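J.: Input final.tsv, format and content: TSV, C-alpha atoms.
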```
chain	number	residue	atom	x	y	z
A	77	MET	CA	100.72	70.50	67.80
A	78	SER	CA	97.00	70.25	68.33
A	79	PHE	CA	95.09	67.00	68.07
A	80	PRO	CA	93.15	66.30	64.83
A	81	ALA	CA	89.35	66.18	65.15
A	82	LEU	CA	87.87	62.78	66.08
A	83	ASN	CA	84.96	62.67	63.63
A	84	PHE	CA	85.61	59.31	61.94
A	85	CYS	CA	87.00	55.97	63.15
A	86	SER	CA	90.67	55.67	62.06
A	87	ASN	CA	90.25	51.90	61.97
A	88	CYS	CA	87.10	51.46	59.84
A	89	GLY	CA	86.11	55.00	58.70
A	90	THR	CA	82.68	55.04	60.40
A	91	LYS	CA	81.35	58.26	61.97
A	92	LEU	CA	82.21	58.32	65.68
A	93	THR	CA	79.89	58.77	68.67
A	94	GLN	CA	80.83	60.69	71.84
A	95	ARG	CA	79.91	58.69	74.95
A	96	ILE	CA	81.20	57.26	78.22
A	97	PRO	CA	82.25	53.63	77.59
A	98	PRO	CA	81.23	50.95	80.16
A	99	GLY	CA	83.55	51.01	83.19
A	100	ASP	CA	84.93	54.41	82.21
A	101	SER	CA	84.12	57.83	83.66
A	102	VAL	CA	85.23	60.06	80.79
A	103	GLN	CA	83.49	60.75	77.48
A	104	ARG	CA	85.39	59.16	74.57
A	105	ALA	CA	85.02	59.02	70.79
A	106	VAL	CA	83.65	55.51	70.25
A	107	CYS	CA	83.03	53.58	67.02
A	108	ASP	CA	79.70	51.76	67.09
A	109	ALA	CA	80.68	49.76	64.00
A	110	CYS	CA	84.00	48.17	65.03
A	111	GLY	CA	83.98	48.95	68.78
A	112	THR	CA	87.22	50.94	68.78
A	113	ILE	CA	87.55	53.52	71.57
A	114	HIS	CA	89.70	56.48	70.52
A	115	TYR	CA	91.59	57.73	73.59
A	116	ARG	CA	93.41	61.05	73.69
A	117	ASN	CA	96.25	61.52	76.15
A	118	PRO	CA	98.85	64.18	76.96
A	119	LEU	CA	102.11	64.24	75.00
A	120	MET	CA	105.65	64.36	76.27
A	121	VAL	CA	108.04	67.04	75.04
A	122	VAL	CA	111.64	66.13	75.86
A	123	GLY	CA	114.83	68.17	75.60
A	124	THR	CA	118.15	69.14	77.10
A	125	ILE	CA	119.95	72.00	78.84
A	126	PRO	CA	123.22	71.87	76.85
A	127	GLU	CA	126.09	73.31	78.92
A	128	TRP	CA	129.47	74.55	77.70
A	129	ASP	CA	131.54	75.71	80.67
A	130	ASP	CA	129.21	78.22	82.36
A	131	GLN	CA	127.18	78.87	79.22
A	132	ILE	CA	123.93	77.32	77.98
A	133	LEU	CA	123.04	76.72	74.35
A	134	LEU	CA	119.73	78.22	73.25
A	135	CYS	CA	117.98	77.88	69.88
A	136	ARG	CA	116.00	80.65	68.19
A	137	ARG	CA	112.87	79.05	66.75
A	138	ALA	CA	112.35	79.03	62.97
A	139	ILE	CA	108.79	77.69	63.26
A	140	GLU	CA	105.53	78.55	64.93
A	141	PRO	CA	104.47	78.67	67.67
A	142	ARG	CA	106.76	81.42	68.97
A	143	ARG	CA	108.88	81.81	65.86
A	144	GLY	CA	111.88	84.05	66.59
A	145	PHE	CA	111.87	83.30	70.33
A	146	TRP	CA	114.59	81.38	72.19
A	147	THR	CA	114.20	77.86	73.48
A	148	LEU	CA	116.12	74.87	74.71
A	149	PRO	CA	116.41	72.04	72.15
A	150	ALA	CA	113.30	69.89	72.69
A	151	GLY	CA	110.46	68.23	70.86
A	152	PHE	CA	107.77	65.59	70.90
A	153	MET	CA	108.86	62.12	71.99
A	154	GLU	CA	108.48	59.53	69.21
A	155	LEU	CA	107.23	55.94	69.38
A	156	GLY	CA	109.83	53.33	70.23
A	157	GLU	CA	112.26	55.60	72.05
A	158	THR	CA	113.16	56.30	75.67
A	159	THR	CA	113.01	59.79	77.14
A	160	ALA	CA	116.84	59.86	77.09
A	161	GLN	CA	116.91	58.91	73.39
A	162	ALA	CA	114.29	61.57	72.63
A	163	ALA	CA	116.40	64.19	74.42
A	164	LEU	CA	119.53	63.27	72.44
A	165	ARG	CA	117.64	63.11	69.13
A	166	GLU	CA	115.98	66.49	69.60
A	167	THR	CA	119.30	68.08	70.59
A	168	MET	CA	120.82	66.71	67.40
A	169	GLU	CA	117.83	67.73	65.23
A	170	GLU	CA	117.43	71.27	66.50
A	171	ALA	CA	121.04	72.19	67.24
A	172	LYS	CA	123.11	69.49	65.49
A	173	ALA	CA	124.80	69.23	68.86
A	174	ARG	CA	126.54	66.23	70.40
A	175	VAL	CA	126.01	66.07	74.14
A	176	GLU	CA	126.68	63.73	77.01
A	177	LEU	CA	123.36	63.36	78.78
A	178	GLY	CA	123.23	64.05	82.53
A	179	GLU	CA	120.42	63.75	85.04
A	180	ALA	CA	116.75	64.44	84.43
A	181	PHE	CA	116.29	67.97	85.78
A	182	THR	CA	112.71	69.25	85.32
A	183	LEU	CA	109.38	67.52	84.69
A	184	LEU	CA	106.70	70.15	84.11
A	185	SER	CA	103.05	69.52	83.38
A	186	VAL	CA	101.32	72.00	81.08
A	187	PRO	CA	97.71	70.82	81.43
A	188	HIS	CA	96.08	73.53	79.32
A	189	VAL	CA	97.97	72.28	76.25
A	190	ASP	CA	97.97	68.59	77.29
A	191	GLN	CA	101.75	68.33	77.49
A	192	VAL	CA	104.42	67.22	79.95
A	193	HIS	CA	107.87	68.74	79.41
A	194	LEU	CA	111.01	66.91	80.54
A	195	PHE	CA	114.51	68.43	80.44
A	196	TYR	CA	117.80	66.66	81.04
A	197	ARG	CA	121.08	68.28	81.95
A	198	ALA	CA	123.63	67.78	79.18
A	199	ARG	CA	127.28	68.59	78.50
A	200	LEU	CA	128.19	69.77	75.00
A	201	LEU	CA	131.03	67.60	73.68
A	202	ASP	CA	132.27	70.25	71.22
A	203	ARG	CA	131.29	73.60	69.74
A	204	ASP	CA	130.43	72.17	66.32
A	205	PHE	CA	126.73	72.86	66.69
A	206	ALA	CA	124.63	74.36	63.89
A	207	PRO	CA	120.98	75.29	63.41
A	208	GLY	CA	118.66	72.44	62.42
A	209	GLU	CA	115.68	72.95	60.10
A	210	GLU	CA	113.47	74.29	62.88
A	211	THR	CA	116.12	76.69	64.23
A	212	LEU	CA	117.06	80.20	62.96
A	213	GLU	CA	120.26	80.55	64.98
A	214	LEU	CA	122.06	79.18	68.01
A	215	ALA	CA	124.02	80.93	70.73
A	216	LEU	CA	125.75	80.22	74.03
A	217	PHE	CA	124.56	82.41	76.88
A	218	GLN	CA	126.01	83.28	80.27
A	219	GLU	CA	123.39	83.66	82.99
A	220	SER	CA	123.54	87.48	82.71
A	221	GLU	CA	122.96	87.25	78.94
A	222	ILE	CA	119.83	85.05	78.93
A	223	PRO	CA	117.12	86.87	76.89
A	224	TRP	CA	114.43	86.32	79.54
A	225	LYS	CA	111.82	88.41	77.69
A	226	GLU	CA	112.36	86.49	74.46
A	227	ILE	CA	112.07	82.95	75.84
A	228	ALA	CA	109.58	80.91	73.80
A	229	PHE	CA	107.77	78.92	76.51
A	230	ARG	CA	107.29	79.13	80.25
A	231	THR	CA	108.63	75.61	80.79
A	232	ILE	CA	111.92	76.86	79.32
A	233	SER	CA	112.17	79.90	81.59
A	234	MET	CA	111.14	77.81	84.62
A	235	THR	CA	113.80	75.22	83.77
A	236	LEU	CA	116.46	77.92	83.39
A	237	ARG	CA	115.41	79.58	86.65
A	238	HIS	CA	115.68	76.25	88.52
A	239	PHE	CA	119.06	75.67	86.88
A	240	TYR	CA	120.55	78.97	88.00
A	241	ALA	CA	118.94	78.85	91.47
A	242	ASP	CA	120.31	75.33	92.06
A	243	ARG	CA	123.73	76.28	90.74
A	244	LYS	CA	123.82	79.25	93.10
A	245	ALA	CA	122.75	77.00	95.99
A	246	GLY	CA	125.48	74.53	95.03
A	247	ALA	CA	123.11	71.55	94.62
A	248	MET	CA	121.42	70.51	91.38
A	249	GLU	CA	118.14	68.72	92.13
A	250	PHE	CA	115.26	67.22	90.19
A	251	HIS	CA	112.19	69.46	90.00
A	252	ALA	CA	108.65	68.30	89.22
A	253	GLY	CA	106.02	70.97	88.81
A	254	GLU	CA	103.41	72.54	86.62
A	255	ILE	CA	102.66	75.58	84.54
A	256	LEU	CA	99.27	77.17	85.11
A	257	PRO	CA	97.23	78.60	82.21
A	258	PRO	CA	98.01	82.21	81.28
A	259	LYS	CA	95.54	84.63	82.89
B	82	MET	CA	96.17	49.79	75.61
B	83	SER	CA	97.33	49.45	72.02
B	84	PHE	CA	96.81	52.16	69.43
B	85	PRO	CA	93.91	51.77	66.95
B	86	ALA	CA	94.88	51.27	63.31
B	87	LEU	CA	95.42	54.44	61.27
B	88	ASN	CA	93.55	53.49	58.09
B	89	PHE	CA	91.19	56.47	57.77
B	90	CYS	CA	91.50	60.17	58.56
B	91	SER	CA	89.72	60.90	61.86
B	92	ASN	CA	89.01	64.43	60.63
B	93	CYS	CA	87.43	63.80	57.21
B	94	GLY	CA	87.16	59.99	56.85
B	95	THR	CA	89.43	59.68	53.77
B	96	LYS	CA	91.78	56.68	53.41
B	97	LEU	CA	95.23	57.59	54.77
B	98	THR	CA	98.62	57.37	53.04
B	99	GLN	CA	101.86	56.41	54.82
B	100	ARG	CA	104.66	58.81	53.91
B	101	ILE	CA	107.32	61.15	55.30
B	102	PRO	CA	105.86	64.69	55.43
B	103	PRO	CA	108.03	67.62	54.22
B	104	GLY	CA	110.55	68.65	56.88
B	105	ASP	CA	110.00	65.43	58.82
B	106	SER	CA	112.18	62.31	59.01
B	107	VAL	CA	109.62	59.76	60.16
B	108	GLN	CA	106.84	58.07	58.17
B	109	ARG	CA	103.42	59.31	59.26
B	110	ALA	CA	99.81	58.56	58.36
B	111	VAL	CA	98.87	61.56	56.18
B	112	CYS	CA	95.50	62.58	54.73
B	113	ASP	CA	95.83	63.72	51.13
B	114	ALA	CA	92.29	65.15	51.21
B	115	CYS	CA	92.40	67.51	54.22
B	116	GLY	CA	96.16	67.56	54.86
B	117	THR	CA	95.97	66.27	58.44
B	118	ILE	CA	99.08	64.46	59.71
B	119	HIS	CA	98.23	61.80	62.27
B	120	TYR	CA	101.06	61.61	64.80
B	121	ARG	CA	101.45	58.79	67.30
B	122	ASN	CA	103.41	59.41	70.49
B	123	PRO	CA	104.22	57.53	73.70
B	124	LEU	CA	101.74	57.63	76.57
B	125	MET	CA	102.34	58.47	80.21
B	126	VAL	CA	101.23	56.07	82.94
B	127	VAL	CA	101.21	57.79	86.33
B	128	GLY	CA	100.76	56.37	89.82
B	129	THR	CA	101.79	56.40	93.46
B	130	ILE	CA	103.67	54.37	96.06
B	131	PRO	CA	101.14	54.66	98.90
B	132	GLU	CA	102.88	54.27	102.29
B	133	TRP	CA	101.33	53.44	105.66
B	134	ASP	CA	104.03	53.35	108.33
B	135	ASP	CA	106.55	50.90	106.88
B	136	GLN	CA	104.03	49.21	104.60
B	137	ILE	CA	103.12	49.82	100.96
B	138	LEU	CA	99.66	49.44	99.46
B	139	LEU	CA	99.48	47.15	96.43
B	140	CYS	CA	96.46	46.40	94.20
B	141	ARG	CA	95.71	43.00	92.68
B	142	ARG	CA	94.59	43.62	89.09
B	143	ALA	CA	91.03	42.71	88.08
B	144	ILE	CA	91.70	43.40	84.38
B	145	GLU	CA	94.07	42.33	81.64
B	146	PRO	CA	96.91	42.63	81.03
B	147	ARG	CA	98.28	40.71	84.03
B	148	ARG	CA	94.97	40.05	85.75
B	149	GLY	CA	95.55	38.62	89.23
B	150	PHE	CA	99.02	40.16	89.57
B	151	TRP	CA	99.97	42.91	92.01
B	152	THR	CA	100.61	46.51	91.04
B	153	LEU	CA	100.90	50.01	92.42
B	154	PRO	CA	97.85	52.21	91.72
B	155	ALA	CA	98.55	53.80	88.32
B	156	GLY	CA	96.99	54.46	84.94
B	157	PHE	CA	97.01	56.51	81.78
B	158	MET	CA	97.23	60.26	82.22
B	159	GLU	CA	94.13	62.07	80.91
B	160	LEU	CA	93.85	65.30	78.93
B	161	GLY	CA	93.73	68.47	80.99
B	162	GLU	CA	95.45	67.16	84.09
B	163	THR	CA	98.92	67.46	85.61
B	164	THR	CA	101.01	64.40	86.44
B	165	ALA	CA	100.29	65.04	90.14
B	166	GLN	CA	96.54	65.17	89.49
B	167	ALA	CA	96.76	61.96	87.44
B	168	ALA	CA	98.60	60.21	90.29
B	169	LEU	CA	95.95	61.24	92.84
B	170	ARG	CA	93.06	60.33	90.51
B	171	GLU	CA	94.44	56.88	89.73
B	172	THR	CA	95.09	56.19	93.42
B	173	MET	CA	91.48	57.08	94.14
B	174	GLU	CA	90.11	55.07	91.19
B	175	GLU	CA	92.07	51.88	91.76
B	176	ALA	CA	92.31	51.84	95.54
B	177	LYS	CA	89.72	54.42	96.70
B	178	ALA	CA	92.64	55.73	98.75
B	179	ARG	CA	93.25	59.25	99.99
B	180	VAL	CA	96.93	60.14	99.96
B	181	GLU	CA	99.15	63.14	100.49
B	182	LEU	CA	101.39	63.27	97.46
B	183	GLY	CA	105.15	63.39	97.98
B	184	GLU	CA	108.04	63.72	95.56
B	185	ALA	CA	108.24	62.24	92.07
B	186	PHE	CA	110.29	59.07	92.59
B	187	THR	CA	110.73	57.07	89.36
B	188	LEU	CA	110.39	57.98	85.67
B	189	LEU	CA	110.82	54.84	83.58
B	190	SER	CA	110.65	54.60	79.79
B	191	VAL	CA	109.20	51.40	78.36
B	192	PRO	CA	109.97	51.94	74.66
B	193	HIS	CA	108.72	48.56	73.39
B	194	VAL	CA	105.20	49.45	74.53
B	195	ASP	CA	105.51	53.21	73.87
B	196	GLN	CA	104.96	54.22	77.47
B	197	VAL	CA	106.66	56.30	80.15
B	198	HIS	CA	105.79	55.38	83.74
B	199	LEU	CA	105.97	57.95	86.54
B	200	PHE	CA	105.54	57.13	90.23
B	201	TYR	CA	105.19	59.56	93.11
B	202	ARG	CA	105.77	58.84	96.76
B	203	ALA	CA	102.55	59.18	98.73
B	204	ARG	CA	101.38	58.91	102.34
B	205	LEU	CA	98.05	57.19	103.00
B	206	LEU	CA	95.87	59.49	105.08
B	207	ASP	CA	93.78	56.65	106.52
B	208	ARG	CA	93.14	52.93	106.10
B	209	ASP	CA	89.72	53.39	104.49
B	210	PHE	CA	90.87	52.13	101.12
B	211	ALA	CA	88.82	49.70	99.04
B	212	PRO	CA	89.19	48.01	95.63
B	213	GLY	CA	88.12	50.09	92.64
B	214	GLU	CA	86.51	48.53	89.55
B	215	GLU	CA	89.85	47.43	88.10
B	216	THR	CA	91.14	45.93	91.37
B	217	LEU	CA	90.38	42.48	92.88
B	218	GLU	CA	91.84	43.18	96.31
B	219	LEU	CA	94.19	45.51	98.17
B	220	ALA	CA	96.77	44.78	100.84
B	221	LEU	CA	99.51	46.53	102.81
B	222	PHE	CA	102.89	44.81	102.54
B	223	GLN	CA	106.05	45.00	104.59
B	224	GLU	CA	109.23	44.75	102.52
B	225	SER	CA	109.64	41.07	103.46
B	226	GLU	CA	106.08	40.33	102.33
B	227	ILE	CA	106.22	41.86	98.81
B	228	PRO	CA	105.07	39.18	96.31
B	229	TRP	CA	108.01	39.76	93.97
B	230	LYS	CA	107.10	36.88	91.64
B	231	GLU	CA	103.52	38.11	91.30
B	232	ILE	CA	104.24	41.75	90.43
B	233	ALA	CA	102.33	42.79	87.30
B	234	PHE	CA	104.91	44.96	85.50
B	235	ARG	CA	108.64	45.49	85.60
B	236	THR	CA	108.27	49.23	86.18
B	237	ILE	CA	106.49	48.33	89.44
B	238	SER	CA	109.21	45.96	90.66
B	239	MET	CA	111.93	48.43	89.63
B	240	THR	CA	110.15	51.22	91.51
B	241	LEU	CA	109.79	49.06	94.60
B	242	ARG	CA	113.46	47.97	94.42
B	243	HIS	CA	114.59	51.62	94.21
B	244	PHE	CA	112.29	52.45	97.12
B	245	TYR	CA	113.70	49.80	99.44
B	246	ALA	CA	117.33	50.39	98.34
B	247	ASP	CA	116.99	54.15	98.97
B	248	ARG	CA	115.27	53.58	102.30
B	249	LYS	CA	118.09	51.25	103.37
B	250	ALA	CA	120.66	53.85	102.23
B	251	GLY	CA	118.78	56.51	104.19
B	252	ALA	CA	118.25	58.83	101.20
B	253	MET	CA	115.25	58.81	98.88
B	254	GLU	CA	116.24	60.10	95.42
B	255	PHE	CA	114.59	60.57	92.04
B	256	HIS	CA	115.38	57.80	89.54
B	257	ALA	CA	115.05	58.08	85.75
B	258	GLY	CA	115.63	54.94	83.74
B	259	GLU	CA	114.26	52.48	81.25
B	260	ILE	CA	112.96	48.96	80.91
B	261	LEU	CA	114.41	46.93	78.06
B	262	PRO	CA	112.22	44.55	76.03
B	263	PRO	CA	111.85	41.02	77.44
B	264	LYS	CA	114.30	38.58	75.81
```
Could you render the structure from this file as structure tokens?
T.:
Amino acid sequence: MSFPALNFCSNCGTKLTQRIPPGDSVQRAVCDACGTIHYRNPLMVVGTIPEWDDQILLCRRAIEPRRGFWTLPAGFMELGETTAQAALRETMEEAKARVELGEAFTLLSVPHVDQVHLFYRARLLDRDFAPGEETLELALFQESEIPWKEIAFRTISMTLRHFYADRKAGAMEFHAGEILPPK
Amino acid sequence: MSFPALNFCSNCGTKLTQRIPPGDSVQRAVCDACGTIHYRNPLMVVGTIPEWDDQILLCRRAIEPRRGFWTLPAGFMELGETTAQAALRETMEEAKARVELGEAFTLLSVPHVDQVHLFYRARLLDRDFAPGEETLELALFQESEIPWKEIAFRTISMTLRHFYADRKAGAMEFHAGEILPPK
């Protein structure tokens, strides 16, 4: 999801000006007619790591970007919800999966796309999952079966790597970090 | 910060329609002229808990909302930055304070205002802090001196309560949670 252009004021329809508002230090799209300042801020993408015994549920993406690649169920947080609610909703939408939510596990900034990705641990309550509209197929993977070269996004592979490293170390911990731009 | 009205398309200036786009389940502001869908999503507010020995630096707010009340240095995350960079920037802007960033400590959803607040632990590198433009005054507080009834936001008091409870327990841990709407 990229941001729409800020050419016109969404409040009154007037053409916008780019300038630094008083007391600010960043250039913003400002409406000289109604005074509205149009801020742009990073978006949160929230999802889960759904576990079934020692397997993890991955979704093969039916939509761009990265159609055909594997991901954890996740998506953009909506207005009016908590991060935990967003994680449950996205898991239901993408995998029609019922989970019991566990701890927050990774919080990964992706500054070059203006996103912050948050993944919760989760326990699948049953195996009655099914692809949602944005998913081609679903599968449970053992660690040795993870399709590392066909993972959709680097936040997903980083989350899975932390998961398996922590599990091996015998201590699951919260990880905050960042993904640098591709070279 | 409240969101500006979505009356006109920011891309082409046409009057917007409210409807559920194909494949979506939520009503969005859609432009029937250029096809742009105008999504609205929660915002991240990021800050620090600046420590100096056993004291914490609080800022008395010079701006609304909650002018005159005490807060931790924090603010809206900007495009192009990581959560860690946002935390450092806001600590510099509000308190002109140099800190060494520690671990992420609290991640608190505030769904009734469409925000997610993230606080990092931080160690003040010196006492050469000074109020920024949005701060009336700064002070270091011992636990017994915290002005609990004059704290600006509930995410701040919850963060401080977790901090002192963890310190007492001898183990600082990451806390994810939420703030319910006021009754």
J.: Residues within 7 Å of segment 119-127 of chain B, please, as a list in words. Count all atoms listed in the file; anything in the same chain fewer than 3 positions from it doesn't count.
T.: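 Those residues are Asn117, Leu119, Met153, Glu154 and Leu155 of chain A; Arg109, Ala110, Val111, Ala155, Gly156, Phe157, Met158, Thr164, Ala167, Ala168, Asp195, Gln196, Val197, His198, Leu199 and Phe200 of chain B.
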J.: Using all atoms listed in the file, pick whichever of B:Asn92, B:Gln99, B:Thr187, B:Thr172 has the shortest atom-to-atom distance to chain A.
T.: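 Of the candidates, the smallest distance to chain A is held by B:Asn92.
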J.: For segment 111-122 of chain A, take all atoms listed in the file, fit an axis-aligned box around them, add 8 Å to each of the six sides, then output centre and edge lengths in Å rounded to one decimal, as AutoDock Vina command-line options.
T.:
```
--center_x 97.8 --center_y 58.0 --center_z 72.9 --size_x 43.7 --size_y 34.1 --size_z 24.2
```
J.: Quick one: residues within 8 Å of (86.6, 49.7, 66.2) (file frame), counting all atoms listed in the file, please, as a PyMOL selection string.
T.: (chain A and resi 85+87-88+106-113) or (chain B and resi 85)
J.: Which distance in Å separates atom CA of Leu221 of chain B and atom CA of Glu132 of chain B, to one decimal?
T.: 8.5 Å
J.: So how far away is atom CA of Gly183 of chain B from atom CA of Leu164 of chain A, in Å?
T.: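 That distance, rounded to one decimal, is 29.3 Å.
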J.: Just checking: using all atoms listed in the file, which residue out of A:Ala171, A:Thr93, A:Ala81, A:Pro258 ends up closest to Glu210 of chain A?
T.: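 Selected residue with least distance to Glu210 of chain A: A:Ala171.
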J.: With all atoms listed in the file as the basis for distance, which of B:Ala233, B:Ser190, B:Asp207, B:Ser225 is at the shortest distance from Pro154 of chain B?
T.: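 Under the stated criterion, the closest residue is B:Ala233.
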J.: Would you compute the distance between atom CA of Asp100 of chain A and atom CA of Pro228 of chain B? Give it in Å to one decimal.
T.: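 That distance, rounded to one decimal, is 28.9 Å.
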J.: Using only C-alpha atoms, which residue out of A:Ile255, A:Met248, A:Leu177, A:Met234 lies closest to Pro126 of chain A?
T.: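 Smallest separation from Pro126 of chain A among the options: A:Leu177.
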J.: In terms of the shortest atom-to-atom distance over all atoms listed in the file, which of A:His188, A:Arg137, A:Arg143, A:Lys225 is closest to chain B?
T.: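 Selected residue with least distance to chain B: A:His188.
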J.: Which polymer residues have any atom within 10 Å of an atom of Arg208 of chain B, counting only C-alpha atoms, with same-chain residues fewer than 3 positions away left out, as a ChimeraX atom specification?
T.: /B:133,138,178-179,205,211,221
J.: Select, from B:Ser106, B:Pro192, B:Phe210, B:Gly128, the residue with the minimum atom-to-atom distance to Gln161 of chain A, counting all atoms listed in the file.
T.: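 Between B:Ser106, B:Pro192, B:Phe210, B:Gly128, the residue approaching Gln161 of chain A most closely is B:Pro192.
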J.: Dig up all the protein and nucleic acid residues within 6 Å of (127.7, 80.5, 75.2) in the file frame, using only C-alpha atoms, and format them as a VMD selection string.
T.: chain A and resid 131 to 132 215 to 217
J.: Hey, could you patch up segment 123-138 of chain B with N, CA, C and O atoms and hand it over as a short mmCIF file (atom, residue, chain, number, x, y, z; two decimals), in the coordinates of the input?
T.:
```
data_model
loop_
_atom_site.label_atom_id
_atom_site.label_comp_id
_atom_site.auth_asym_id
_atom_site.auth_seq_id
_atom_site.Cartn_x
_atom_site.Cartn_y
_atom_site.Cartn_z
N PRO B 123 104.31 58.36 72.49
CA PRO B 123 104.22 57.53 73.70
C PRO B 123 103.24 58.11 74.72
O PRO B 123 102.98 59.32 74.73
N LEU B 124 102.72 57.24 75.56
CA LEU B 124 101.74 57.63 76.57
C LEU B 124 102.36 57.59 77.96
O LEU B 124 103.22 56.76 78.25
N MET B 125 101.90 58.49 78.82
CA MET B 125 102.34 58.47 80.21
C MET B 125 101.38 57.68 81.08
O MET B 125 100.17 57.87 81.02
N VAL B 126 101.96 56.80 81.89
CA VAL B 126 101.23 56.07 82.94
C VAL B 126 101.73 56.62 84.27
O VAL B 126 102.95 56.66 84.50
N VAL B 127 100.81 57.09 85.11
CA VAL B 127 101.21 57.79 86.33
C VAL B 127 100.55 57.13 87.54
O VAL B 127 99.38 56.74 87.48
N GLY B 128 101.31 57.00 88.62
CA GLY B 128 100.76 56.37 89.82
C GLY B 128 101.50 56.77 91.08
O GLY B 128 102.32 57.70 91.06
N THR B 129 101.19 56.08 92.16
CA THR B 129 101.79 56.40 93.46
C THR B 129 102.33 55.14 94.14
O THR B 129 101.98 54.01 93.79
N ILE B 130 103.18 55.39 95.11
CA ILE B 130 103.67 54.37 96.06
C ILE B 130 103.04 54.74 97.40
O ILE B 130 103.62 55.52 98.16
N PRO B 131 101.83 54.20 97.69
CA PRO B 131 101.14 54.66 98.90
C PRO B 131 101.73 53.99 100.15
O PRO B 131 101.72 52.77 100.27
N GLU B 132 102.24 54.79 101.09
CA GLU B 132 102.88 54.27 102.29
C GLU B 132 101.97 54.42 103.51
O GLU B 132 101.29 55.44 103.66
N TRP B 133 102.00 53.38 104.36
CA TRP B 133 101.33 53.44 105.66
C TRP B 133 102.32 52.87 106.66
O TRP B 133 102.61 51.69 106.63
N ASP B 134 102.89 53.74 107.48
CA ASP B 134 104.03 53.35 108.33
C ASP B 134 105.10 52.72 107.43
O ASP B 134 105.51 53.34 106.47
N ASP B 135 105.52 51.50 107.72
CA ASP B 135 106.55 50.90 106.88
C ASP B 135 105.95 49.92 105.87
O ASP B 135 106.64 49.04 105.36
N GLN B 136 104.68 50.09 105.57
CA GLN B 136 104.03 49.21 104.60
C GLN B 136 103.66 49.99 103.33
O GLN B 136 103.46 51.20 103.38
N ILE B 137 103.53 49.24 102.24
CA ILE B 137 103.12 49.82 100.96
C ILE B 137 101.83 49.14 100.49
O ILE B 137 101.69 47.92 100.61
N LEU B 138 100.93 49.96 99.94
CA LEU B 138 99.66 49.44 99.46
C LEU B 138 99.80 48.95 98.02
O LEU B 138 100.18 49.72 97.13
#
```
